[in-house]
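As provided, structure_27.pdb (PDB, C-alpha atoms and all ligand atoms) reads as follows.
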ATOM      1  CA  MET A   4      -1.676  -7.595  11.707  1.00  0.00           C
ATOM      2  CA  ASN A   5       0.553  -6.873  14.633  1.00  0.00           C
ATOM      3  CA  PRO A   6      -0.166  -3.242  15.537  1.00  0.00           C
ATOM      4  CA  ASN A   7       2.391  -3.069  18.303  1.00  0.00           C
ATOM      5  CA  LYS A   8       5.203  -4.116  15.995  1.00  0.00           C
ATOM      6  CA  HIS A   9       4.238  -1.705  13.245  1.00  0.00           C
ATOM      7  CA  PHE A  10       3.590   1.166  15.571  1.00  0.00           C
ATOM      8  CA  THR A  11       6.991   0.574  17.097  1.00  0.00           C
ATOM      9  CA  GLU A  12       8.562   0.599  13.643  1.00  0.00           C
ATOM     10  CA  ARG A  13       6.716   3.751  12.662  1.00  0.00           C
ATOM     11  CA  ARG A  14       6.898   5.478  16.011  1.00  0.00           C
ATOM     12  CA  ASP A  15       9.225   8.172  14.747  1.00  0.00           C
ATOM     13  CA  PHE A  16       7.070   8.709  11.675  1.00  0.00           C
ATOM     14  CA  LEU A  17       3.995   9.219  13.821  1.00  0.00           C
ATOM     15  CA  ARG A  18       5.745  11.524  16.239  1.00  0.00           C
ATOM     16  CA  LEU A  19       7.109  13.640  13.426  1.00  0.00           C
ATOM     17  CA  GLY A  20       3.727  13.706  11.703  1.00  0.00           C
ATOM     18  CA  ALA A  21       2.075  14.940  14.874  1.00  0.00           C
ATOM     19  CA  THR A  22       4.525  17.799  15.123  1.00  0.00           C
ATOM     20  CA  GLY A  23       4.216  18.724  11.485  1.00  0.00           C
ATOM     21  CA  ALA A  24       7.940  18.416  10.786  1.00  0.00           C
ATOM     22  CA  LEU A  25       7.553  17.932   7.070  1.00  0.00           C
ATOM     23  CA  GLY A  26      11.184  17.582   6.122  1.00  0.00           C
ATOM     24  CA  MET A  27      11.839  14.985   8.754  1.00  0.00           C
ATOM     25  CA  MET A  28       8.642  13.155   7.819  1.00  0.00           C
ATOM     26  CA  VAL A  29       9.836  12.826   4.248  1.00  0.00           C
ATOM     27  CA  ALA A  30      13.170  11.560   5.492  1.00  0.00           C
ATOM     28  CA  ALA A  31      11.464   8.999   7.706  1.00  0.00           C
ATOM     29  CA  SER A  32       9.290   7.871   4.828  1.00  0.00           C
ATOM     30  CA  ASP A  33      12.286   7.538   2.521  1.00  0.00           C
ATOM     31  CA  LEU A  34      14.077   5.545   5.168  1.00  0.00           C
ATOM     32  CA  LEU A  35      11.105   3.223   5.323  1.00  0.00           C
ATOM     33  CA  TRP A  36      11.402   2.465   1.636  1.00  0.00           C
ATOM     34  CA  GLN A  37      15.152   2.045   1.876  1.00  0.00           C
ATOM     35  CA  THR A  38      14.744  -0.763   4.378  1.00  0.00           C
ATOM     36  CA  GLN A  39      13.199  -2.964   1.683  1.00  0.00           C
ATOM     37  CA  PRO A  40      15.108  -5.399  -0.526  1.00  0.00           C
ATOM     38  CA  ALA A  41      16.312  -3.974  -3.843  1.00  0.00           C
ATOM     39  CA  GLU A  42      13.811  -6.029  -5.830  1.00  0.00           C
ATOM     40  CA  ALA A  43      10.864  -4.760  -3.803  1.00  0.00           C
ATOM     41  CA  GLN A  44      12.119  -1.168  -3.963  1.00  0.00           C
ATOM     42  CA  ALA A  45      11.733  -1.026  -7.713  1.00  0.00           C
ATOM     43  CA  LEU A  46       8.091  -2.046  -7.659  1.00  0.00           C
ATOM     44  CA  PRO A  47       6.059  -0.013  -5.166  1.00  0.00           C
ATOM     45  CA  PRO A  48       5.183   3.596  -5.946  1.00  0.00           C
ATOM     46  CA  LYS A  49       6.973   6.128  -3.787  1.00  0.00           C
ATOM     47  CA  THR A  50       4.660   9.099  -4.097  1.00  0.00           C
ATOM     48  CA  PRO A  51       0.888   9.567  -3.953  1.00  0.00           C
ATOM     49  CA  ASP A  52       0.827  10.422  -7.654  1.00  0.00           C
ATOM     50  CA  GLN A  53       2.815   7.315  -8.547  1.00  0.00           C
ATOM     51  CA  ALA A  54       0.421   5.258  -6.445  1.00  0.00           C
ATOM     52  CA  LEU A  55      -2.552   6.731  -8.279  1.00  0.00           C
ATOM     53  CA  GLN A  56      -0.946   6.032 -11.645  1.00  0.00           C
ATOM     54  CA  GLU A  57      -0.294   2.433 -10.593  1.00  0.00           C
ATOM     55  CA  LEU A  58      -3.964   1.922  -9.751  1.00  0.00           C
ATOM     56  CA  ILE A  59      -5.049   3.526 -13.031  1.00  0.00           C
ATOM     57  CA  ALA A  60      -2.638   1.311 -14.971  1.00  0.00           C
ATOM     58  CA  GLY A  61      -3.798  -1.788 -13.097  1.00  0.00           C
ATOM     59  CA  ASN A  62      -7.452  -1.028 -13.806  1.00  0.00           C
ATOM     60  CA  GLN A  63      -6.597  -0.502 -17.464  1.00  0.00           C
ATOM     61  CA  ARG A  64      -5.039  -3.973 -17.502  1.00  0.00           C
ATOM     62  CA  PHE A  65      -8.188  -5.356 -15.875  1.00  0.00           C
ATOM     63  CA  ILE A  66     -10.647  -3.852 -18.342  1.00  0.00           C
ATOM     64  CA  THR A  67      -8.545  -4.944 -21.312  1.00  0.00           C
ATOM     65  CA  ASN A  68      -8.131  -8.514 -20.026  1.00  0.00           C
ATOM     66  CA  GLN A  69      -4.393  -8.040 -19.598  1.00  0.00           C
ATOM     67  CA  ARG A  70      -4.111  -8.628 -15.879  1.00  0.00           C
ATOM     68  CA  GLN A  71      -0.628  -9.646 -14.825  1.00  0.00           C
ATOM     69  CA  CYS A  72      -1.810 -11.147 -11.534  1.00  0.00           C
ATOM     70  CA  ARG A  73       1.644 -10.423 -10.221  1.00  0.00           C
ATOM     71  CA  ASN A  74       2.517 -10.792  -6.570  1.00  0.00           C
ATOM     72  CA  GLN A  75      -0.382 -13.125  -5.901  1.00  0.00           C
ATOM     73  CA  SER A  76       1.710 -16.181  -5.077  1.00  0.00           C
ATOM     74  CA  LEU A  77       2.580 -17.916  -1.846  1.00  0.00           C
ATOM     75  CA  GLU A  78       6.114 -16.659  -2.418  1.00  0.00           C
ATOM     76  CA  GLN A  79       4.858 -13.076  -2.374  1.00  0.00           C
ATOM     77  CA  LEU A  80       2.938 -13.723   0.828  1.00  0.00           C
ATOM     78  CA  GLN A  81       6.129 -14.964   2.421  1.00  0.00           C
ATOM     79  CA  LYS A  82       7.942 -11.817   1.301  1.00  0.00           C
ATOM     80  CA  VAL A  83       5.511  -9.596   3.151  1.00  0.00           C
ATOM     81  CA  ALA A  84       4.696 -11.964   6.003  1.00  0.00           C
ATOM     82  CA  CYS A  85       6.755 -10.011   8.510  1.00  0.00           C
ATOM     83  CA  LYS A  86       6.242  -6.514   7.148  1.00  0.00           C
ATOM     84  CA  GLN A  87       3.678  -4.861   4.935  1.00  0.00           C
ATOM     85  CA  ILE A  88       3.891  -1.540   3.135  1.00  0.00           C
ATOM     86  CA  PRO A  89       0.677  -1.254   1.129  1.00  0.00           C
ATOM     87  CA  PHE A  90       1.084   1.691  -1.214  1.00  0.00           C
ATOM     88  CA  ALA A  91      -2.645   2.466  -1.188  1.00  0.00           C
ATOM     89  CA  ALA A  92      -5.506   2.186   1.268  1.00  0.00           C
ATOM     90  CA  ILE A  93      -8.902   1.708  -0.306  1.00  0.00           C
ATOM     91  CA  LEU A  94     -12.223   2.229   1.439  1.00  0.00           C
ATOM     92  CA  SER A  95     -14.635   0.279  -0.723  1.00  0.00           C
ATOM     93  CA  CYS A  96     -18.033  -1.339  -0.518  1.00  0.00           C
ATOM     94  CA  ALA A  97     -18.325  -4.902   0.760  1.00  0.00           C
ATOM     95  CA  ASP A  98     -20.246  -5.736  -2.428  1.00  0.00           C
ATOM     96  CA  SER A  99     -19.156  -9.112  -3.863  1.00  0.00           C
ATOM     97  CA  ARG A 100     -18.463  -7.515  -7.244  1.00  0.00           C
ATOM     98  CA  VAL A 101     -15.982  -5.013  -5.839  1.00  0.00           C
ATOM     99  CA  ALA A 102     -12.603  -6.668  -5.282  1.00  0.00           C
ATOM    100  CA  PRO A 103      -9.800  -4.080  -5.224  1.00  0.00           C
ATOM    101  CA  GLU A 104      -6.864  -6.444  -5.824  1.00  0.00           C
ATOM    102  CA  ILE A 105      -8.606  -7.816  -8.908  1.00  0.00           C
ATOM    103  CA  ILE A 106      -9.980  -4.648 -10.474  1.00  0.00           C
ATOM    104  CA  PHE A 107      -6.676  -2.817  -9.902  1.00  0.00           C
ATOM    105  CA  ASP A 108      -4.560  -5.878 -10.772  1.00  0.00           C
ATOM    106  CA  GLN A 109      -2.523  -5.715  -7.596  1.00  0.00           C
ATOM    107  CA  GLY A 110      -0.978  -8.336  -5.369  1.00  0.00           C
ATOM    108  CA  ILE A 111      -0.668  -9.428  -1.777  1.00  0.00           C
ATOM    109  CA  GLY A 112       0.616  -6.575   0.339  1.00  0.00           C
ATOM    110  CA  ASP A 113      -0.127  -3.838  -2.199  1.00  0.00           C
ATOM    111  CA  ILE A 114      -3.485  -2.579  -0.945  1.00  0.00           C
ATOM    112  CA  PHE A 115      -4.795  -2.028   2.564  1.00  0.00           C
ATOM    113  CA  ASP A 116      -8.441  -2.987   2.102  1.00  0.00           C
ATOM    114  CA  VAL A 117     -11.115  -1.415   4.254  1.00  0.00           C
ATOM    115  CA  ARG A 118     -14.494  -2.702   3.183  1.00  0.00           C
ATOM    116  CA  VAL A 119     -17.936  -1.922   4.486  1.00  0.00           C
ATOM    117  CA  ALA A 120     -21.326  -1.711   2.802  1.00  0.00           C
ATOM    118  CA  GLY A 121     -21.693   1.730   1.247  1.00  0.00           C
ATOM    119  CA  ASN A 122     -17.956   2.530   1.682  1.00  0.00           C
ATOM    120  CA  ILE A 123     -18.830   4.778   4.592  1.00  0.00           C
ATOM    121  CA  VAL A 124     -16.536   6.566   6.983  1.00  0.00           C
ATOM    122  CA  THR A 125     -17.090   5.441  10.531  1.00  0.00           C
ATOM    123  CA  ARG A 126     -14.826   5.719  13.518  1.00  0.00           C
ATOM    124  CA  GLU A 127     -13.568   2.226  12.734  1.00  0.00           C
ATOM    125  CA  THR A 128     -12.996   2.702   9.022  1.00  0.00           C
ATOM    126  CA  ARG A 129     -11.395   6.110   9.548  1.00  0.00           C
ATOM    127  CA  GLY A 130      -9.127   4.585  12.174  1.00  0.00           C
ATOM    128  CA  SER A 131      -8.185   1.780   9.808  1.00  0.00           C
ATOM    129  CA  ILE A 132      -7.233   4.285   7.115  1.00  0.00           C
ATOM    130  CA  GLU A 133      -5.272   6.354   9.619  1.00  0.00           C
ATOM    131  CA  TYR A 134      -3.410   3.213  10.637  1.00  0.00           C
ATOM    132  CA  ALA A 135      -2.569   2.344   7.015  1.00  0.00           C
ATOM    133  CA  VAL A 136      -1.246   5.844   6.359  1.00  0.00           C
ATOM    134  CA  THR A 137       0.622   6.610   9.539  1.00  0.00           C
ATOM    135  CA  ALA A 138       1.835   3.165  10.571  1.00  0.00           C
ATOM    136  CA  LEU A 139       2.173   1.293   7.294  1.00  0.00           C
ATOM    137  CA  GLY A 140       3.150   4.051   4.894  1.00  0.00           C
ATOM    138  CA  SER A 141       0.200   4.138   2.473  1.00  0.00           C
ATOM    139  CA  GLN A 142       0.437   7.383   0.527  1.00  0.00           C
ATOM    140  CA  LEU A 143      -2.818   7.189  -1.388  1.00  0.00           C
ATOM    141  CA  VAL A 144      -6.317   6.791   0.041  1.00  0.00           C
ATOM    142  CA  VAL A 145      -9.164   5.960  -2.301  1.00  0.00           C
ATOM    143  CA  VAL A 146     -12.853   6.000  -1.419  1.00  0.00           C
ATOM    144  CA  LEU A 147     -14.269   3.632  -4.002  1.00  0.00           C
ATOM    145  CA  GLY A 148     -17.982   3.650  -4.726  1.00  0.00           C
ATOM    146  CA  HIS A 149     -19.602   1.528  -7.368  1.00  0.00           C
ATOM    147  CA  GLN A 150     -22.442   1.427  -9.850  1.00  0.00           C
ATOM    148  CA  ARG A 151     -25.788   0.123  -8.544  1.00  0.00           C
ATOM    149  CA  CYS A 152     -24.652   0.126  -4.927  1.00  0.00           C
ATOM    150  CA  GLY A 153     -27.470  -1.404  -2.914  1.00  0.00           C
ATOM    151  CA  ALA A 154     -26.582   0.620   0.150  1.00  0.00           C
ATOM    152  CA  VAL A 155     -26.848   3.883  -1.780  1.00  0.00           C
ATOM    153  CA  ILE A 156     -30.076   2.757  -3.441  1.00  0.00           C
ATOM    154  CA  ALA A 157     -31.587   1.990  -0.045  1.00  0.00           C
ATOM    155  CA  ALA A 158     -30.502   5.382   1.244  1.00  0.00           C
ATOM    156  CA  ALA A 159     -31.869   7.181  -1.832  1.00  0.00           C
ATOM    157  CA  ASP A 160     -35.164   5.336  -1.432  1.00  0.00           C
ATOM    158  CA  ASN A 161     -35.195   6.334   2.239  1.00  0.00           C
ATOM    159  CA  GLU A 162     -35.788   2.722   3.159  1.00  0.00           C
ATOM    160  CA  VAL A 163     -36.148   1.551   6.726  1.00  0.00           C
ATOM    161  CA  LEU A 164     -34.484  -1.834   7.034  1.00  0.00           C
ATOM    162  CA  PRO A 165     -34.340  -4.447   9.789  1.00  0.00           C
ATOM    163  CA  GLY A 166     -31.610  -5.016  12.321  1.00  0.00           C
ATOM    164  CA  ASP A 167     -28.383  -3.105  11.984  1.00  0.00           C
ATOM    165  CA  ILE A 168     -28.679  -2.749   8.218  1.00  0.00           C
ATOM    166  CA  ASN A 169     -29.877   0.774   8.850  1.00  0.00           C
ATOM    167  CA  SER A 170     -26.506   1.599  10.374  1.00  0.00           C
ATOM    168  CA  PHE A 171     -24.809   2.117   7.019  1.00  0.00           C
ATOM    169  CA  VAL A 172     -27.921   3.205   5.127  1.00  0.00           C
ATOM    170  CA  ASP A 173     -28.516   5.990   7.633  1.00  0.00           C
ATOM    171  CA  ALA A 174     -24.882   7.054   7.298  1.00  0.00           C
ATOM    172  CA  ILE A 175     -25.381   7.588   3.555  1.00  0.00           C
ATOM    173  CA  LYS A 176     -28.702   9.460   3.671  1.00  0.00           C
ATOM    174  CA  PRO A 177     -27.246  12.829   4.752  1.00  0.00           C
ATOM    175  CA  CYS A 178     -24.808  12.653   1.819  1.00  0.00           C
ATOM    176  CA  LEU A 179     -27.508  12.520  -0.845  1.00  0.00           C
ATOM    177  CA  LYS A 180     -29.033  15.616  -2.359  1.00  0.00           C
ATOM    178  CA  GLY A 181     -31.238  14.300  -5.161  1.00  0.00           C
ATOM    179  CA  GLY A 182     -34.824  13.154  -5.289  1.00  0.00           C
ATOM    180  CA  LYS A 183     -36.118   9.638  -5.612  1.00  0.00           C
ATOM    181  CA  PRO A 184     -34.078   7.608  -8.143  1.00  0.00           C
ATOM    182  CA  LEU A 185     -35.480   6.786 -11.587  1.00  0.00           C
ATOM    183  CA  LEU A 186     -35.787   3.213 -12.778  1.00  0.00           C
ATOM    184  CA  ASP A 187     -32.881   1.646 -14.643  1.00  0.00           C
ATOM    185  CA  PRO A 188     -34.291  -0.162 -17.721  1.00  0.00           C
ATOM    186  CA  GLN A 189     -31.449  -2.680 -17.680  1.00  0.00           C
ATOM    187  CA  CYS A 190     -31.619  -3.909 -14.117  1.00  0.00           C
ATOM    188  CA  GLY A 191     -34.923  -2.484 -12.942  1.00  0.00           C
ATOM    189  CA  LYS A 192     -33.071  -0.545 -10.298  1.00  0.00           C
ATOM    190  CA  PRO A 193     -32.665   3.189  -9.876  1.00  0.00           C
ATOM    191  CA  ALA A 194     -30.679   4.724 -12.740  1.00  0.00           C
ATOM    192  CA  ASN A 195     -29.715   8.044 -11.288  1.00  0.00           C
ATOM    193  CA  VAL A 196     -28.256   6.216  -8.336  1.00  0.00           C
ATOM    194  CA  ASP A 197     -25.000   6.832 -10.200  1.00  0.00           C
ATOM    195  CA  VAL A 198     -25.322  10.478  -9.200  1.00  0.00           C
ATOM    196  CA  ALA A 199     -26.048   9.435  -5.639  1.00  0.00           C
ATOM    197  CA  VAL A 200     -23.019   7.111  -5.648  1.00  0.00           C
ATOM    198  CA  VAL A 201     -20.798  10.043  -6.609  1.00  0.00           C
ATOM    199  CA  GLN A 202     -22.388  12.231  -3.946  1.00  0.00           C
ATOM    200  CA  ASN A 203     -21.761   9.540  -1.352  1.00  0.00           C
ATOM    201  CA  VAL A 204     -18.138   9.095  -2.414  1.00  0.00           C
ATOM    202  CA  GLN A 205     -17.496  12.836  -2.277  1.00  0.00           C
ATOM    203  CA  CYS A 206     -19.174  13.018   1.118  1.00  0.00           C
ATOM    204  CA  GLN A 207     -17.039  10.180   2.518  1.00  0.00           C
ATOM    205  CA  VAL A 208     -13.878  11.759   1.083  1.00  0.00           C
ATOM    206  CA  ARG A 209     -14.719  15.002   2.878  1.00  0.00           C
ATOM    207  CA  GLN A 210     -15.190  13.107   6.124  1.00  0.00           C
ATOM    208  CA  LEU A 211     -11.809  11.438   5.744  1.00  0.00           C
ATOM    209  CA  GLN A 212     -10.215  14.788   5.012  1.00  0.00           C
ATOM    210  CA  GLU A 213     -11.560  15.996   8.350  1.00  0.00           C
ATOM    211  CA  SER A 214      -9.351  13.451  10.120  1.00  0.00           C
ATOM    212  CA  THR A 215      -7.071  15.363  12.434  1.00  0.00           C
ATOM    213  CA  LEU A 216      -4.344  12.776  12.025  1.00  0.00           C
ATOM    214  CA  LEU A 217      -4.477  12.668   8.232  1.00  0.00           C
ATOM    215  CA  GLY A 218      -4.805  16.435   8.095  1.00  0.00           C
ATOM    216  CA  LYS A 219      -1.330  16.807   9.548  1.00  0.00           C
ATOM    217  CA  LEU A 220       0.175  15.189   6.462  1.00  0.00           C
ATOM    218  CA  CYS A 221       0.868  17.411   3.494  1.00  0.00           C
ATOM    219  CA  PRO A 222      -0.058  16.674  -0.140  1.00  0.00           C
ATOM    220  CA  GLN A 223       3.454  15.461  -0.932  1.00  0.00           C
ATOM    221  CA  ASN A 224       2.904  12.581   1.481  1.00  0.00           C
ATOM    222  CA  LEU A 225      -0.765  11.812   1.078  1.00  0.00           C
ATOM    223  CA  ARG A 226      -3.601  12.103  -1.422  1.00  0.00           C
ATOM    224  CA  ILE A 227      -7.200  11.279  -0.654  1.00  0.00           C
ATOM    225  CA  VAL A 228      -9.321  10.751  -3.748  1.00  0.00           C
ATOM    226  CA  GLY A 229     -12.723   9.419  -4.687  1.00  0.00           C
ATOM    227  CA  ALA A 230     -13.519   6.971  -7.459  1.00  0.00           C
ATOM    228  CA  VAL A 231     -16.448   5.076  -8.918  1.00  0.00           C
ATOM    229  CA  TYR A 232     -16.286   1.568 -10.335  1.00  0.00           C
ATOM    230  CA  SER A 233     -18.567   0.549 -13.202  1.00  0.00           C
ATOM    231  CA  LEU A 234     -20.096  -2.900 -12.933  1.00  0.00           C
ATOM    232  CA  ASP A 235     -20.877  -2.765 -16.653  1.00  0.00           C
ATOM    233  CA  THR A 236     -17.333  -2.130 -17.870  1.00  0.00           C
ATOM    234  CA  GLY A 237     -15.014  -2.686 -14.906  1.00  0.00           C
ATOM    235  CA  LYS A 238     -13.605   0.783 -15.377  1.00  0.00           C
ATOM    236  CA  VAL A 239     -12.742   2.864 -12.346  1.00  0.00           C
ATOM    237  CA  THR A 240     -13.243   6.582 -12.850  1.00  0.00           C
ATOM    238  CA  PHE A 241     -11.428   8.855 -10.431  1.00  0.00           C
ATOM    239  CA  ILE A 242     -13.415  11.944  -9.464  1.00  0.00           C
TER
HETATM  240 ZN    ZN B 301     -22.214  -1.206  -2.595  1.00  0.00          ZN
END
As structure tokens - that is how I would like this structure written.
Ligand SMILES: [Zn+2]
Amino acid sequence: MNPNKHFTERRDFLRLGATGALGMMVAASDLLWQTQPAEAQALPPKTPDQALQELIAGNQRFITNQRQCRNQSLEQLQKVACKQIPFAAILSCADSRVAPEIIFDQGIGDIFDVRVAGNIVTRETRGSIEYAVTALGSQLVVVLGHQRCGAVIAAADNEVLPGDINSFVDAIKPCLKGGKPLLDPQCGKPANVDVAVVQNVQCQVRQLQESTLLGKLCPQNLRIVGAVYSLDTGKVTFI
């Protein structure tokens, strides 16, 4: 990532966003898309709703074993080597079973991945999302939680853990409203952690929405949504 280059390219976009000049922002965004080759223009979504539909369609391909695995070649990497325009930014857990490009059947350059245990909003993760939106052109932000998230389980159990593990567990605790989780008969882990996962996702979405920078963008240019990924089925449910 070369921030200086991208910020230079998107300097006008940022300036216009900061002043709230909606019409000019849309024009700048359209111009951004128009700079791409014709072939690439036809593929990426151009609106937040189109981006959401693309993720839903990709997840449907994943759960029905019909992944296209498109844009995952060295050739694709070379296409985006000098410039990336990921249509979505996804704040997801670092869990090894959560892999956005796979579960949404997307390719290199499609998704700006921000991953941290518990998919929490910190200064760094918020800043990364802000960068994806304002400098790279992502129009959809997804906070993606997942079933049986160990970070959420630890927070729900009010565990005190060693080292810096508490850093993300403590960030989740204020988001949870329920009591102690019940046992899951399948995995021996808390069952109603699913409720806690949703609470955490909604809490992190609210924190992203409080971003001053993102708040200057209107709904036509940006959507911030929450979602939960099932480890049992692979299905992502948007909430
Ligand atoms: Zn997790």
Exercise for review: Measuring atom to atom with only C-alpha atoms and all ligand atoms, identify which of A:Leu164, A:Leu217, A:Ala174, A:Val119 is nearest to ligand ZN 301 (chain B).
Suggested key: A:Val119
Check your understanding: Which protein, DNA or RNA residues have an atom within 10 Å of ligand ZN 301 (chain B), counting only C-alpha atoms and all ligand atoms, as a ChimeraX atom specification?
Key -> /A:95-101,118-123,147-156,200
Practice item. On this file, the PyMOL selection byres (((chain A and resi 59) around 10) and not hetatm) gives some set of residues; write that set as a PyMOL selection string. Key: chain A and resi 53-58+60-65+106-108+238-241
Once you have the residues from the selection above, write them out as a PDB file, in the frame of the given file, restricted to C-alpha atoms.
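Saved file selection.pdb follows:
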ATOM      1  CA  GLN A  53       2.815   7.315  -8.547  1.00  0.00           C
ATOM      2  CA  ALA A  54       0.421   5.258  -6.445  1.00  0.00           C
ATOM      3  CA  LEU A  55      -2.552   6.731  -8.279  1.00  0.00           C
ATOM      4  CA  GLN A  56      -0.946   6.032 -11.645  1.00  0.00           C
ATOM      5  CA  GLU A  57      -0.294   2.433 -10.593  1.00  0.00           C
ATOM      6  CA  LEU A  58      -3.964   1.922  -9.751  1.00  0.00           C
ATOM      7  CA  ALA A  60      -2.638   1.311 -14.971  1.00  0.00           C
ATOM      8  CA  GLY A  61      -3.798  -1.788 -13.097  1.00  0.00           C
ATOM      9  CA  ASN A  62      -7.452  -1.028 -13.806  1.00  0.00           C
ATOM     10  CA  GLN A  63      -6.597  -0.502 -17.464  1.00  0.00           C
ATOM     11  CA  ARG A  64      -5.039  -3.973 -17.502  1.00  0.00           C
ATOM     12  CA  PHE A  65      -8.188  -5.356 -15.875  1.00  0.00           C
ATOM     13  CA  ILE A 106      -9.980  -4.648 -10.474  1.00  0.00           C
ATOM     14  CA  PHE A 107      -6.676  -2.817  -9.902  1.00  0.00           C
ATOM     15  CA  ASP A 108      -4.560  -5.878 -10.772  1.00  0.00           C
ATOM     16  CA  LYS A 238     -13.605   0.783 -15.377  1.00  0.00           C
ATOM     17  CA  VAL A 239     -12.742   2.864 -12.346  1.00  0.00           C
ATOM     18  CA  THR A 240     -13.243   6.582 -12.850  1.00  0.00           C
ATOM     19  CA  PHE A 241     -11.428   8.855 -10.431  1.00  0.00           C
TER      20      PHE A 241
END
Review point. So how far away is CA of Cys85 (chain A) from CA of Leu216 (chain A), in Å?
Key: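 Going from CA of Leu216 (chain A) over to CA of Cys85 (chain A) covers 25.6 Å.
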Practice item. Compile the contact shell of Asp116 (chain A) as number ranges by chain: residues with an atom at most 12 Å away, counting all atoms listed in the file, same-chain residues fewer than 2 positions apart removed. Key: A: 89-97, 101-104, 109-114, 118-119, 122, 128, 131-132, 134-135, 141, 144-147
Return as JSON the box centre and box size in Å, one decimal, for an axis-aligned box around all listed atoms of region 94-104 of chain A padded by 3 Å per side.
{"center_x": -13.6, "center_y": -3.4, "center_z": -2.9, "size_x": 19.4, "size_y": 17.3, "size_z": 14.7}
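Reported to one decimal place, the separation of CA of Ser214 (chain A) from CA of Arg129 (chain A) is 7.6 Å.
This file gives the following result for the PyMOL selection byres (((chain A and resi 51) around 6) and not hetatm): A:Thr50, A:Asp52, A:Gln53, A:Ala54, A:Gln142, A:Leu143, A:Leu225, A:Arg226.
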With the file shown as input, list the residues that the PyMOL selection byres (((chain A and resi 162) around 12) and not hetatm) selects, as an mmCIF file with C-alpha atoms, in the frame of the given file.
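Result written to part_32.cif:
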data_model
loop_
_atom_site.group_PDB
_atom_site.id
_atom_site.type_symbol
_atom_site.label_atom_id
_atom_site.label_comp_id
_atom_site.auth_asym_id
_atom_site.auth_seq_id
_atom_site.Cartn_x
_atom_site.Cartn_y
_atom_site.Cartn_z
ATOM 1 C CA GLY A 153 -27.470 -1.404 -2.914
ATOM 2 C CA ALA A 154 -26.582 0.620 0.150
ATOM 3 C CA VAL A 155 -26.848 3.883 -1.780
ATOM 4 C CA ILE A 156 -30.076 2.757 -3.441
ATOM 5 C CA ALA A 157 -31.587 1.990 -0.045
ATOM 6 C CA ALA A 158 -30.502 5.382 1.244
ATOM 7 C CA ALA A 159 -31.869 7.181 -1.832
ATOM 8 C CA ASP A 160 -35.164 5.336 -1.432
ATOM 9 C CA ASN A 161 -35.195 6.334 2.239
ATOM 10 C CA VAL A 163 -36.148 1.551 6.726
ATOM 11 C CA LEU A 164 -34.484 -1.834 7.034
ATOM 12 C CA PRO A 165 -34.340 -4.447 9.789
ATOM 13 C CA ILE A 168 -28.679 -2.749 8.218
ATOM 14 C CA ASN A 169 -29.877 0.774 8.850
ATOM 15 C CA SER A 170 -26.506 1.599 10.374
ATOM 16 C CA PHE A 171 -24.809 2.117 7.019
ATOM 17 C CA VAL A 172 -27.921 3.205 5.127
ATOM 18 C CA ASP A 173 -28.516 5.990 7.633
ATOM 19 C CA ILE A 175 -25.381 7.588 3.555
ATOM 20 C CA LYS A 176 -28.702 9.460 3.671
ATOM 21 C CA LYS A 183 -36.118 9.638 -5.612
#
